[in-house]
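Undergrad: For reference, the file coords-v8.cif (mmCIF, C-alpha atoms) is included below:
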data_input
#
loop_
_atom_site.group_PDB
_atom_site.id
_atom_site.type_symbol
_atom_site.label_atom_id
_atom_site.label_comp_id
_atom_site.auth_asym_id
_atom_site.auth_seq_id
_atom_site.Cartn_x
_atom_site.Cartn_y
_atom_site.Cartn_z
ATOM 1 C CA MET F 1116 -7.297 -117.493 18.725
ATOM 2 C CA SER F 1117 -8.428 -119.200 15.510
ATOM 3 C CA VAL F 1118 -9.401 -122.876 15.277
ATOM 4 C CA LYS F 1119 -6.188 -123.455 13.328
ATOM 5 C CA ASP F 1120 -4.105 -121.924 16.130
ATOM 6 C CA GLU F 1121 -6.011 -123.872 18.772
ATOM 7 C CA VAL F 1122 -5.460 -127.133 16.882
ATOM 8 C CA LEU F 1123 -1.745 -126.373 16.576
ATOM 9 C CA LYS F 1124 -1.582 -125.710 20.306
ATOM 10 C CA GLN F 1125 -3.233 -129.056 21.019
ATOM 11 C CA LEU F 1126 -0.883 -130.877 18.636
ATOM 12 C CA GLU F 1127 2.150 -129.155 20.171
ATOM 13 C CA ASN F 1128 0.972 -130.278 23.616
ATOM 14 C CA HIS F 1129 0.821 -133.869 22.343
ATOM 15 C CA LYS F 1130 3.860 -133.654 20.034
ATOM 16 C CA GLY F 1131 4.992 -137.135 19.038
ATOM 17 C CA ASN F 1132 1.705 -138.687 20.209
ATOM 18 C CA TYR F 1133 -1.651 -139.160 18.510
ATOM 19 C CA ILE F 1134 -4.826 -137.340 19.445
ATOM 20 C CA SER F 1135 -8.115 -138.187 17.750
ATOM 21 C CA GLY F 1136 -10.109 -135.777 15.643
ATOM 22 C CA GLY F 1137 -13.062 -136.367 17.946
ATOM 23 C CA GLN F 1138 -11.027 -135.468 21.010
ATOM 24 C CA LEU F 1139 -9.736 -132.312 19.307
ATOM 25 C CA ALA F 1140 -13.288 -131.339 18.334
ATOM 26 C CA GLU F 1141 -14.508 -131.921 21.884
ATOM 27 C CA ASN F 1142 -11.601 -130.014 23.439
ATOM 28 C CA LEU F 1143 -12.171 -127.009 21.207
ATOM 29 C CA GLY F 1144 -15.964 -127.138 20.976
ATOM 30 C CA VAL F 1145 -16.002 -127.265 17.159
ATOM 31 C CA SER F 1146 -17.008 -129.785 14.499
ATOM 32 C CA ARG F 1147 -14.717 -132.545 13.265
ATOM 33 C CA ASN F 1148 -14.921 -130.964 9.811
ATOM 34 C CA SER F 1149 -13.440 -127.760 11.277
ATOM 35 C CA ILE F 1150 -10.616 -129.842 12.745
ATOM 36 C CA TRP F 1151 -9.973 -131.473 9.371
ATOM 37 C CA LYS F 1152 -9.849 -128.085 7.628
ATOM 38 C CA ALA F 1153 -7.430 -126.757 10.280
ATOM 39 C CA ILE F 1154 -5.172 -129.815 9.846
ATOM 40 C CA LYS F 1155 -5.079 -129.334 6.068
ATOM 41 C CA SER F 1156 -4.251 -125.655 6.512
ATOM 42 C CA LEU F 1157 -1.404 -126.480 8.905
ATOM 43 C CA GLU F 1158 -0.026 -129.054 6.472
ATOM 44 C CA LYS F 1159 -0.146 -126.453 3.729
ATOM 45 C CA ASN F 1160 1.922 -124.174 5.981
ATOM 46 C CA GLY F 1161 4.580 -126.880 6.231
ATOM 47 C CA TYR F 1162 3.716 -128.713 9.451
ATOM 48 C CA GLN F 1163 4.366 -132.459 9.241
ATOM 49 C CA ILE F 1164 1.231 -134.106 10.638
ATOM 50 C CA ASP F 1165 0.716 -137.847 10.497
ATOM 51 C CA ALA F 1166 -2.878 -139.065 10.255
ATOM 52 C CA ILE F 1167 -3.923 -142.665 10.980
ATOM 53 C CA PRO F 1168 -7.558 -143.843 10.991
ATOM 54 C CA ASN F 1169 -8.850 -144.649 14.493
ATOM 55 C CA ARG F 1170 -5.760 -143.064 16.059
ATOM 56 C CA GLY F 1171 -6.002 -139.452 14.938
ATOM 57 C CA TYR F 1172 -3.349 -136.849 14.264
ATOM 58 C CA CYS F 1173 0.255 -136.565 15.394
ATOM 59 C CA LEU F 1174 2.609 -133.607 14.976
ATOM 60 C CA ALA F 1175 5.980 -135.114 14.093
ATOM 61 C CA GLU F 1176 8.612 -134.608 16.773
ATOM 62 C CA LYS F 1177 11.056 -133.389 14.143
ATOM 63 C CA SER F 1178 8.590 -130.707 12.997
ATOM 64 C CA ASP F 1179 10.396 -127.445 13.690
ATOM 65 C CA ILE F 1180 8.213 -124.665 12.356
ATOM 66 C CA LEU F 1181 8.025 -121.674 14.668
ATOM 67 C CA SER F 1182 4.702 -120.574 16.136
ATOM 68 C CA SER F 1183 3.565 -118.279 18.918
ATOM 69 C CA PHE F 1184 2.700 -121.379 20.945
ATOM 70 C CA SER F 1185 5.971 -123.230 20.267
ATOM 71 C CA ILE F 1186 7.788 -120.183 21.672
ATOM 72 C CA GLY F 1187 5.262 -119.258 24.353
ATOM 73 C CA GLN F 1188 5.343 -122.645 26.071
ATOM 74 C CA TYR F 1189 8.937 -121.921 27.152
ATOM 75 C CA LEU F 1190 8.407 -118.233 27.910
ATOM 76 C CA LYS F 1191 8.148 -116.764 31.412
ATOM 77 C CA ASN F 1192 7.315 -113.168 30.418
ATOM 78 C CA ASP F 1193 3.937 -112.110 29.041
ATOM 79 C CA LEU F 1194 4.705 -110.970 25.498
ATOM 80 C CA ASP F 1195 2.528 -110.569 22.400
ATOM 81 C CA ILE F 1196 4.285 -112.746 19.817
ATOM 82 C CA HIS F 1197 3.531 -112.599 16.099
ATOM 83 C CA VAL F 1198 5.170 -115.242 13.884
ATOM 84 C CA TYR F 1199 5.405 -114.950 10.085
ATOM 85 C CA PRO F 1200 6.827 -117.355 7.469
ATOM 86 C CA ILE F 1201 8.562 -114.488 5.659
ATOM 87 C CA VAL F 1202 8.806 -110.702 6.013
ATOM 88 C CA SER F 1203 10.911 -107.958 4.495
ATOM 89 C CA SER F 1204 12.505 -107.232 7.873
ATOM 90 C CA THR F 1205 11.153 -107.908 11.362
ATOM 91 C CA ASN F 1206 12.328 -104.428 12.399
ATOM 92 C CA THR F 1207 10.444 -102.811 9.500
ATOM 93 C CA VAL F 1208 7.243 -104.726 10.292
ATOM 94 C CA LEU F 1209 7.431 -103.923 13.991
ATOM 95 C CA LYS F 1210 8.195 -100.231 13.447
ATOM 96 C CA ASP F 1211 5.025 -100.013 11.357
ATOM 97 C CA MET F 1212 3.117 -101.690 14.201
ATOM 98 C CA ALA F 1213 4.685 -99.265 16.691
ATOM 99 C CA GLU F 1214 3.534 -96.285 14.630
ATOM 100 C CA GLN F 1215 0.009 -97.751 14.751
ATOM 101 C CA GLY F 1216 0.144 -97.880 18.552
ATOM 102 C CA ALA F 1217 1.302 -101.439 19.280
ATOM 103 C CA ALA F 1218 2.088 -101.973 22.949
ATOM 104 C CA GLU F 1219 5.457 -102.509 24.556
ATOM 105 C CA GLY F 1220 6.250 -106.207 24.585
ATOM 106 C CA THR F 1221 5.011 -106.834 21.061
ATOM 107 C CA VAL F 1222 7.400 -109.243 19.349
ATOM 108 C CA VAL F 1223 7.731 -110.097 15.654
ATOM 109 C CA VAL F 1224 9.415 -113.372 14.671
ATOM 110 C CA ALA F 1225 10.055 -114.546 11.112
ATOM 111 C CA GLU F 1226 11.246 -117.790 9.547
ATOM 112 C CA GLU F 1227 12.886 -115.762 6.774
ATOM 113 C CA GLN F 1228 13.653 -112.148 5.819
ATOM 114 C CA ASN F 1229 14.053 -111.006 2.225
ATOM 115 C CA ALA F 1230 15.358 -107.564 3.188
ATOM 116 C CA GLY F 1231 17.041 -108.187 6.542
ATOM 117 C CA LYS F 1232 18.843 -105.144 7.878
ATOM 118 C CA GLY F 1233 22.222 -104.894 9.560
ATOM 119 C CA ARG F 1234 24.037 -101.909 11.036
ATOM 120 C CA MET F 1235 25.596 -99.172 8.918
ATOM 121 C CA GLY F 1236 23.055 -99.794 6.147
ATOM 122 C CA LYS F 1237 24.289 -103.341 5.527
ATOM 123 C CA SER F 1238 22.000 -106.258 4.732
ATOM 124 C CA PHE F 1239 21.636 -109.284 7.017
ATOM 125 C CA TYR F 1240 21.574 -112.706 5.385
ATOM 126 C CA SER F 1241 18.322 -114.325 6.557
ATOM 127 C CA PRO F 1242 17.599 -117.665 4.850
ATOM 128 C CA SER F 1243 14.549 -119.789 5.618
ATOM 129 C CA LYS F 1244 14.437 -122.145 8.610
ATOM 130 C CA THR F 1245 18.134 -121.915 9.492
ATOM 131 C CA GLY F 1246 18.017 -118.842 11.717
ATOM 132 C CA ILE F 1247 15.868 -116.844 14.084
ATOM 133 C CA TYR F 1248 14.899 -113.265 13.259
ATOM 134 C CA VAL F 1249 13.296 -111.481 16.185
ATOM 135 C CA SER F 1250 12.310 -107.867 16.910
ATOM 136 C CA ILE F 1251 11.078 -106.553 20.258
ATOM 137 C CA LEU F 1252 9.050 -103.355 20.713
ATOM 138 C CA LEU F 1253 9.892 -101.204 23.738
ATOM 139 C CA ARG F 1254 8.615 -97.859 24.950
ATOM 140 C CA PRO F 1255 11.352 -96.902 27.429
ATOM 141 C CA THR F 1256 11.507 -93.679 29.427
ATOM 142 C CA ILE F 1257 15.160 -93.071 28.625
ATOM 143 C CA PRO F 1258 17.067 -90.469 26.591
ATOM 144 C CA ALA F 1259 17.898 -91.538 23.045
ATOM 145 C CA GLU F 1260 21.623 -91.702 23.848
ATOM 146 C CA GLU F 1261 20.945 -94.488 26.357
ATOM 147 C CA SER F 1262 19.611 -96.798 23.640
ATOM 148 C CA LEU F 1263 23.105 -98.324 23.682
ATOM 149 C CA PHE F 1264 22.027 -100.150 26.839
ATOM 150 C CA LEU F 1265 19.205 -101.832 24.911
ATOM 151 C CA THR F 1266 21.658 -103.098 22.305
ATOM 152 C CA THR F 1267 24.301 -104.294 24.741
ATOM 153 C CA SER F 1268 21.827 -106.017 27.076
ATOM 154 C CA ALA F 1269 20.369 -107.796 24.027
ATOM 155 C CA ALA F 1270 23.869 -109.052 23.199
ATOM 156 C CA VAL F 1271 24.296 -110.563 26.671
ATOM 157 C CA ALA F 1272 20.788 -112.079 26.561
ATOM 158 C CA THR F 1273 21.516 -113.681 23.193
ATOM 159 C CA ALA F 1274 24.898 -115.036 24.308
ATOM 160 C CA LYS F 1275 23.334 -116.641 27.387
ATOM 161 C CA ALA F 1276 20.462 -118.134 25.371
ATOM 162 C CA ILE F 1277 22.890 -119.639 22.853
ATOM 163 C CA GLU F 1278 24.794 -121.313 25.667
ATOM 164 C CA ASP F 1279 21.523 -122.639 27.128
ATOM 165 C CA VAL F 1280 20.733 -124.654 23.989
ATOM 166 C CA SER F 1281 24.233 -125.651 22.866
ATOM 167 C CA ASP F 1282 27.672 -126.620 24.101
ATOM 168 C CA LYS F 1283 29.195 -123.501 22.520
ATOM 169 C CA THR F 1284 30.707 -120.499 24.308
ATOM 170 C CA ALA F 1285 29.418 -117.128 23.084
ATOM 171 C CA ASP F 1286 31.543 -113.963 23.128
ATOM 172 C CA ILE F 1287 30.659 -110.356 22.296
ATOM 173 C CA LYS F 1288 32.442 -108.059 19.865
ATOM 174 C CA TRP F 1289 31.776 -104.464 20.833
ATOM 175 C CA VAL F 1290 29.291 -103.102 20.342
ATOM 176 C CA ASN F 1291 26.600 -105.545 19.335
ATOM 177 C CA ASP F 1292 27.799 -108.722 17.611
ATOM 178 C CA VAL F 1293 27.828 -112.176 19.194
ATOM 179 C CA TYR F 1294 30.592 -114.565 18.164
ATOM 180 C CA ILE F 1295 31.341 -118.262 18.488
ATOM 181 C CA GLU F 1296 34.919 -119.419 17.957
ATOM 182 C CA ASN F 1297 35.891 -116.027 16.489
ATOM 183 C CA LYS F 1298 33.113 -116.038 13.884
ATOM 184 C CA LYS F 1299 29.910 -114.002 13.886
ATOM 185 C CA VAL F 1300 26.743 -115.862 14.822
ATOM 186 C CA CYS F 1301 24.430 -112.946 15.672
ATOM 187 C CA GLY F 1302 23.846 -109.334 14.740
ATOM 188 C CA ILE F 1303 21.725 -106.809 16.633
ATOM 189 C CA LEU F 1304 20.149 -103.641 15.270
ATOM 190 C CA THR F 1305 18.317 -101.159 17.494
ATOM 191 C CA GLU F 1306 16.130 -98.550 15.796
ATOM 192 C CA GLY F 1307 13.709 -96.048 17.249
ATOM 193 C CA ALA F 1308 11.720 -92.842 17.053
ATOM 194 C CA PHE F 1309 12.800 -89.744 18.954
ATOM 195 C CA ASN F 1310 10.255 -87.501 20.676
ATOM 196 C CA ALA F 1311 11.497 -83.918 20.379
ATOM 197 C CA GLU F 1312 9.110 -82.653 23.079
ATOM 198 C CA THR F 1313 10.346 -85.022 25.786
ATOM 199 C CA SER F 1314 13.897 -85.549 24.471
ATOM 200 C CA GLN F 1315 13.271 -89.260 24.959
ATOM 201 C CA LEU F 1316 12.600 -92.239 22.762
ATOM 202 C CA ASP F 1317 8.991 -92.559 21.654
ATOM 203 C CA TYR F 1318 9.730 -96.228 21.037
ATOM 204 C CA ALA F 1319 12.632 -98.536 20.289
ATOM 205 C CA VAL F 1320 12.767 -101.722 18.255
ATOM 206 C CA VAL F 1321 15.560 -104.175 19.070
ATOM 207 C CA GLY F 1322 16.180 -106.583 16.195
ATOM 208 C CA ILE F 1323 18.183 -109.770 16.722
ATOM 209 C CA GLY F 1324 19.255 -112.210 14.027
ATOM 210 C CA VAL F 1325 20.945 -115.494 14.944
ATOM 211 C CA ASN F 1326 22.391 -118.113 12.587
ATOM 212 C CA VAL F 1327 21.016 -121.245 14.258
ATOM 213 C CA CYS F 1328 22.353 -123.806 11.788
ATOM 214 C CA LEU F 1329 24.414 -123.748 8.622
ATOM 215 C CA PRO F 1330 22.312 -123.122 5.496
ATOM 216 C CA GLU F 1331 22.306 -125.788 2.809
ATOM 217 C CA GLY F 1332 25.298 -125.112 0.579
ATOM 218 C CA GLY F 1333 26.913 -122.914 3.217
ATOM 219 C CA PHE F 1334 26.990 -119.137 3.623
ATOM 220 C CA PRO F 1335 27.381 -116.802 0.631
ATOM 221 C CA GLU F 1336 30.977 -116.279 -0.492
ATOM 222 C CA GLU F 1337 31.185 -112.752 0.898
ATOM 223 C CA ILE F 1338 30.543 -113.908 4.485
ATOM 224 C CA GLN F 1339 31.575 -117.585 4.486
ATOM 225 C CA ASN F 1340 34.906 -116.839 6.203
ATOM 226 C CA ILE F 1341 33.433 -114.638 8.938
ATOM 227 C CA ALA F 1342 30.044 -116.220 9.710
ATOM 228 C CA THR F 1343 29.137 -119.342 11.659
ATOM 229 C CA ALA F 1344 26.087 -120.955 13.273
ATOM 230 C CA VAL F 1345 25.115 -122.292 16.665
ATOM 231 C CA PHE F 1346 24.685 -125.814 15.243
ATOM 232 C CA ASP F 1347 26.606 -127.486 12.422
ATOM 233 C CA LYS F 1348 23.619 -129.451 11.108
ATOM 234 C CA GLN F 1349 19.955 -128.542 10.760
ATOM 235 C CA THR F 1350 18.959 -131.812 12.426
ATOM 236 C CA ASP F 1351 20.827 -130.685 15.564
ATOM 237 C CA SER F 1352 18.633 -127.583 15.819
ATOM 238 C CA ILE F 1353 15.250 -129.343 15.732
ATOM 239 C CA ASN F 1354 13.026 -128.062 18.544
ATOM 240 C CA LYS F 1355 15.833 -125.742 19.689
ATOM 241 C CA ARG F 1356 14.853 -122.538 17.897
ATOM 242 C CA SER F 1357 11.717 -121.950 19.976
ATOM 243 C CA ILE F 1358 13.662 -122.519 23.200
ATOM 244 C CA LEU F 1359 16.423 -120.182 22.017
ATOM 245 C CA ILE F 1360 13.925 -117.424 21.245
ATOM 246 C CA ALA F 1361 12.092 -117.860 24.562
ATOM 247 C CA HIS F 1362 15.278 -117.782 26.640
ATOM 248 C CA LEU F 1363 16.593 -114.821 24.687
ATOM 249 C CA LEU F 1364 13.372 -112.874 25.273
ATOM 250 C CA ASP F 1365 13.231 -113.773 28.967
ATOM 251 C CA TYR F 1366 16.834 -112.764 29.627
ATOM 252 C CA PHE F 1367 16.391 -109.531 27.715
ATOM 253 C CA MET F 1368 13.135 -108.532 29.401
ATOM 254 C CA GLU F 1369 14.626 -109.152 32.850
ATOM 255 C CA TYR F 1370 17.536 -106.848 31.986
ATOM 256 C CA TYR F 1371 15.127 -104.298 30.511
ATOM 257 C CA LYS F 1372 12.918 -104.208 33.612
ATOM 258 C CA LYS F 1373 15.993 -103.295 35.682
ATOM 259 C CA LEU F 1374 17.825 -101.324 33.017
ATOM 260 C CA SER F 1375 18.768 -98.481 35.379
ATOM 261 C CA SER F 1376 20.751 -100.902 37.574
ATOM 262 C CA LYS F 1377 23.012 -101.892 34.628
ATOM 263 C CA LYS F 1378 23.686 -105.196 36.386
ATOM 264 C CA TYR F 1379 24.242 -106.976 33.084
ATOM 265 C CA VAL F 1380 27.176 -104.691 32.169
ATOM 266 C CA LYS F 1381 29.764 -106.729 34.093
ATOM 267 C CA GLU F 1382 28.858 -109.817 32.073
ATOM 268 C CA TYR F 1383 28.946 -107.742 28.893
ATOM 269 C CA ILE F 1384 32.512 -106.708 29.720
ATOM 270 C CA ASP F 1385 33.519 -110.213 30.798
ATOM 271 C CA ARG F 1386 32.327 -111.617 27.474
ATOM 272 C CA SER F 1387 34.286 -109.086 25.406
ATOM 273 C CA MET F 1388 36.533 -110.659 22.779
ATOM 274 C CA ILE F 1389 38.459 -107.501 21.874
ATOM 275 C CA LEU F 1390 39.898 -106.121 25.121
ATOM 276 C CA GLY F 1391 43.677 -105.933 24.978
ATOM 277 C CA LYS F 1392 43.690 -106.684 21.255
ATOM 278 C CA GLU F 1393 44.747 -104.636 18.240
ATOM 279 C CA ILE F 1394 41.672 -103.463 16.383
ATOM 280 C CA LEU F 1395 40.572 -101.321 13.465
ATOM 281 C CA ILE F 1396 38.017 -98.562 14.021
ATOM 282 C CA ILE F 1397 35.804 -98.350 10.938
ATOM 283 C CA GLU F 1398 34.862 -94.709 10.525
ATOM 284 C CA ASN F 1399 33.721 -92.714 7.483
ATOM 285 C CA LYS F 1400 34.769 -95.564 5.176
ATOM 286 C CA GLN F 1401 38.266 -95.461 6.643
ATOM 287 C CA THR F 1402 40.041 -97.740 9.119
ATOM 288 C CA ILE F 1403 41.956 -96.398 12.102
ATOM 289 C CA PRO F 1404 44.415 -98.733 13.879
ATOM 290 C CA ALA F 1405 44.049 -98.829 17.667
ATOM 291 C CA THR F 1406 44.194 -101.066 20.722
ATOM 292 C CA ALA F 1407 41.076 -101.859 22.759
ATOM 293 C CA ILE F 1408 41.796 -100.857 26.371
ATOM 294 C CA GLU F 1409 38.598 -101.094 28.406
ATOM 295 C CA ILE F 1410 34.805 -100.966 28.398
ATOM 296 C CA ASP F 1411 33.252 -98.749 31.064
ATOM 297 C CA LYS F 1412 29.921 -98.940 32.896
ATOM 298 C CA LYS F 1413 28.313 -96.929 30.098
ATOM 299 C CA CYS F 1414 29.422 -99.625 27.633
ATOM 300 C CA ARG F 1415 31.769 -97.154 25.954
ATOM 301 C CA LEU F 1416 34.985 -98.516 24.480
ATOM 302 C CA LYS F 1417 38.298 -96.884 25.363
ATOM 303 C CA VAL F 1418 40.924 -97.232 22.647
ATOM 304 C CA LYS F 1419 44.570 -96.230 22.358
ATOM 305 C CA LEU F 1420 45.552 -94.832 18.979
ATOM 306 C CA GLU F 1421 48.937 -95.345 17.347
ATOM 307 C CA ASP F 1422 50.043 -91.830 18.323
ATOM 308 C CA GLY F 1423 49.557 -92.729 21.979
ATOM 309 C CA SER F 1424 46.339 -90.738 22.458
ATOM 310 C CA PHE F 1425 43.124 -92.212 23.835
ATOM 311 C CA ARG F 1426 39.513 -92.046 22.620
ATOM 312 C CA TRP F 1427 36.179 -93.162 24.062
ATOM 313 C CA LEU F 1428 33.753 -94.661 21.547
ATOM 314 C CA SER F 1429 30.037 -94.845 22.305
ATOM 315 C CA SER F 1430 28.992 -96.080 18.862
ATOM 316 C CA GLY F 1431 30.535 -97.308 15.654
ATOM 317 C CA GLU F 1432 32.109 -100.477 14.347
ATOM 318 C CA VAL F 1433 35.419 -102.164 15.050
ATOM 319 C CA SER F 1434 37.180 -105.297 13.825
ATOM 320 C CA ILE F 1435 40.070 -107.311 15.233
ATOM 321 C CA ARG F 1436 43.289 -106.789 13.295
ATOM 322 C CA VAL F 1437 44.651 -109.870 11.573
ATOM 323 C CA HIS F 1438 48.380 -109.909 10.891
#
Please express the file's structure as structure tokens.
TA:
Amino acid sequence: MSVKDEVLKQLENHKGNYISGGQLAENLGVSRNSIWKAIKSLEKNGYQIDAIPNRGYCLAEKSDILSSFSIGQYLKNDLDIHVYPIVSSTNTVLKDMAEQGAAEGTVVVAEEQNAGKGRMGKSFYSPSKTGIYVSILLRPTIPAEESLFLTTSAAVATAKAIEDVSDKTADIKWVNDVYIENKKVCGILTEGAFNAETSQLDYAVVGIGVNVCLPEGGFPEEIQNIATAVFDKQTDSINKRSILIAHLLDYFMEYYKKLSSKKYVKEYIDRSMILGKEILIIENKQTIPATAIEIDKKCRLKVKLEDGSFRWLSSGEVSIRVH
């Protein structure tokens, strides 16, 4: 860990309180000049650090920049977390790391994405400091068709984490979107590499994007009627994003470690917002009217078509019909 990272860890541990440059230097076994350089570098990265002669340095309590330490202090599982101010897409970055041999449990977090990816080739709106954009690297010993369980368990983990940090109730729209008050707050995209020799996944990357607070000026026109955020104001989310990420990761990893038991599936079904409702199946750029009947233990969706026939869906996209 660099001096800069060590200084940030010390400041996080004393957040809201002053710690002298001399004490920091002694704690880390470096010179006071090294501490000063680290402080200046952190300030350049956007951290709000107050400095008062004879008192030292203080990381402002309202400082809400993500770091591996700010997340790790709330985390129970041992994960290798990499935090970036901005990336193209956390999934893209982590897939490159996976190809280079990164271990299972590697996590990429970004403050902003400039090419965030959604399902079906869509983009995912990822503005700076108002959301969390997280990707988790897994190397599961499961057939590729069972990757649906990674996506659906991530949806439950995210819903539970949202409820941990807010007073909101989170529902799930099959197969992978999390909603609050009938508006989308989270999207999940699972990508992977298939090993033809073993007929299993070589690796999987589960990407999760959550709108934590409303962006300044609101959402873009094309999604403003369908998107929402966990918090209405950015000030309400201060110091909540790190906790949200940590809880999300912990819930997900616990489900992943016991994936074969599928114990999370009951909660996935219980949180469904579409069962019994009229829906539209979006397929090959067409919409097919249907009614959502049930979700089974394989997380497949049973639908009744207008001609009275039934279908089981294991992938795809649906929307609730509005009359």
Undergrad: Have a look at F:Gly1136, F:Ile1341, F:Met1368, F:Ile1353 and name the one nearest to F:Val1222; count all atoms listed in the file.
TA: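 Closest residue, counting all atoms listed in the file: F:Met1368.
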Undergrad: Is it possible to get the residues within 10 Å of (41.4, -94.6, 14.0) (coordinates as in the file, counting only C-alpha atoms) written as number ranges by chain?
TA: F: 1394-1398, 1401-1406, 1418-1421, 1426, 1433
Undergrad: List the spatial neighbours of F:Pro1242 as number ranges by chain - criterion: any atom at most 9 Å away, only C-alpha atoms, same-chain residues fewer than 6 positions off excluded.
TA: F: 1226-1229, 1330
Undergrad: So that I can see what lies close to F:Ser1241, please list as a list in words the residues with an atom at most 9 Å from it, counting all atoms listed in the file and leaving out residues fewer than 3 positions away in the same chain.
TA: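 Near neighbours after the sequence-gap exclusion: Glu1226, Glu1227, Gln1228, Asn1229, Ala1230, Gly1231, Lys1244, Thr1245, Gly1246, Ile1247, Tyr1248, Gly1324, Val1325 and Asn1326 of chain F.
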Undergrad: Quick one: everything within 7 Å of F:Ile1303, counting all atoms listed in the file, minus sequence neighbours fewer than 3 positions away in the same chain. Send it as an MDAnalysis selection string.
TA: chainID F and resid 1266 1291:1292 1322:1324
Undergrad: Given only C-alpha atoms as the basis, pick out the residue of F:Val1249, F:Ile1257, F:Leu1139, F:Ala1342 nearest to F:Leu1304.
TA: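 Among the listed residues, the smallest separation from F:Leu1304 belongs to F:Val1249.
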Undergrad: For F:Ile1360, which of F:Ser1281, F:Thr1273, F:Ser1149, F:Asn1192 is the closest residue, counting all atoms listed in the file?
TA: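 For F:Ile1360, the nearest of the given residues is F:Thr1273.
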Undergrad: Could you tell me which of F:Arg1147, F:Arg1415, F:Arg1254, F:Arg1436 comes closest to F:Phe1309 if we count only C-alpha atoms?
TA: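 Among the listed residues, F:Arg1254 lies closest to F:Phe1309.
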Undergrad: Would you mind reading off the distance between atom CA of F:Lys1355 and atom CA of F:Asp1211, one decimal, in Å?
TA: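 Interatomic distance, atom CA of F:Lys1355 to atom CA of F:Asp1211: 29.1 Å.
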Undergrad: Which of these, F:Glu1312, F:Lys1412, F:Thr1256, F:Asp1317, has the shortest distance to F:Lys1210 once you count all atoms listed in the file?
TA: F:Asp1317
Undergrad: Can you list, as an MDAnalysis selection string, the residues that the PyMOL selection byres ((chain F and resi 1183) around 10) selects here?
TA: chainID F and resid 1120 1123:1124 1181:1182 1184:1188 1194:1199 1222:1224 1357
Undergrad: Which one of F:Leu1316, F:Ile1287, F:Ala1276, F:Ile1167 sits closest to F:Ile1410 if you count only C-alpha atoms?
TA: F:Ile1287
Undergrad: Step by step, gather every atom of stretch 1392-1397 of chain F that the file lists, find the box along x, y and z that holds them, add 5 Å on each side, and finally give centre and edge lengths in Å to one decimal, as lines of an AutoDock Vina configuration file.
TA:
center_x = 40.3
center_y = -102.5
center_z = 16.1
size_x = 18.9
size_y = 18.3
size_z = 20.3
Undergrad: Rounded to one decimal, what separation in Å do you get between atom CA of F:Asp1193 and atom CA of F:Glu1219?
TA: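 We find that atom CA of F:Asp1193 and atom CA of F:Glu1219 lie 10.7 Å from each other.
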Undergrad: Using the partial input, fill out stretch 1223-1232 of chain F with N, CA, C and O atoms; write the result as a PDB file, keeping the file's coordinate frame.
TA:
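Result saved to part33.pdb:
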ATOM      1  N   VAL F1223       7.900-109.538  16.995  1.00  0.00           N
ATOM      2  CA  VAL F1223       7.731-110.097  15.654  1.00  0.00           C
ATOM      3  C   VAL F1223       8.849-111.101  15.406  1.00  0.00           C
ATOM      4  O   VAL F1223      10.030-110.795  15.609  1.00  0.00           O
ATOM      5  N   VAL F1224       8.465-112.304  14.987  1.00  0.00           N
ATOM      6  CA  VAL F1224       9.415-113.372  14.671  1.00  0.00           C
ATOM      7  C   VAL F1224       9.155-113.823  13.240  1.00  0.00           C
ATOM      8  O   VAL F1224       8.003-113.945  12.827  1.00  0.00           O
ATOM      9  N   ALA F1225      10.216-114.075  12.490  1.00  0.00           N
ATOM     10  CA  ALA F1225      10.055-114.546  11.112  1.00  0.00           C
ATOM     11  C   ALA F1225      10.943-115.750  10.851  1.00  0.00           C
ATOM     12  O   ALA F1225      12.035-115.868  11.401  1.00  0.00           O
ATOM     13  N   GLU F1226      10.446-116.653   9.993  1.00  0.00           N
ATOM     14  CA  GLU F1226      11.246-117.790   9.547  1.00  0.00           C
ATOM     15  C   GLU F1226      12.294-117.342   8.527  1.00  0.00           C
ATOM     16  O   GLU F1226      13.338-117.983   8.369  1.00  0.00           O
ATOM     17  N   GLU F1227      12.000-116.233   7.842  1.00  0.00           N
ATOM     18  CA  GLU F1227      12.886-115.762   6.774  1.00  0.00           C
ATOM     19  C   GLU F1227      12.683-114.266   6.580  1.00  0.00           C
ATOM     20  O   GLU F1227      11.581-113.747   6.781  1.00  0.00           O
ATOM     21  N   GLN F1228      13.741-113.557   6.192  1.00  0.00           N
ATOM     22  CA  GLN F1228      13.653-112.148   5.819  1.00  0.00           C
ATOM     23  C   GLN F1228      14.210-112.013   4.400  1.00  0.00           C
ATOM     24  O   GLN F1228      15.248-112.588   4.082  1.00  0.00           O
ATOM     25  N   ASN F1229      13.511-111.239   3.564  1.00  0.00           N
ATOM     26  CA  ASN F1229      14.053-111.006   2.225  1.00  0.00           C
ATOM     27  C   ASN F1229      14.689-109.630   2.089  1.00  0.00           C
ATOM     28  O   ASN F1229      15.200-109.276   1.013  1.00  0.00           O
ATOM     29  N   ALA F1230      14.671-108.862   3.176  1.00  0.00           N
ATOM     30  CA  ALA F1230      15.358-107.564   3.188  1.00  0.00           C
ATOM     31  C   ALA F1230      15.863-107.296   4.607  1.00  0.00           C
ATOM     32  O   ALA F1230      15.659-106.220   5.164  1.00  0.00           O
ATOM     33  N   GLY F1231      16.510-108.317   5.190  1.00  0.00           N
ATOM     34  CA  GLY F1231      17.041-108.187   6.542  1.00  0.00           C
ATOM     35  C   GLY F1231      18.050-107.059   6.637  1.00  0.00           C
ATOM     36  O   GLY F1231      18.866-106.860   5.725  1.00  0.00           O
ATOM     37  N   LYS F1232      17.993-106.331   7.734  1.00  0.00           N
ATOM     38  CA  LYS F1232      18.843-105.144   7.878  1.00  0.00           C
ATOM     39  C   LYS F1232      19.920-105.359   8.937  1.00  0.00           C
ATOM     40  O   LYS F1232      19.667-105.872  10.019  1.00  0.00           O
TER      41      LYS F1232
END
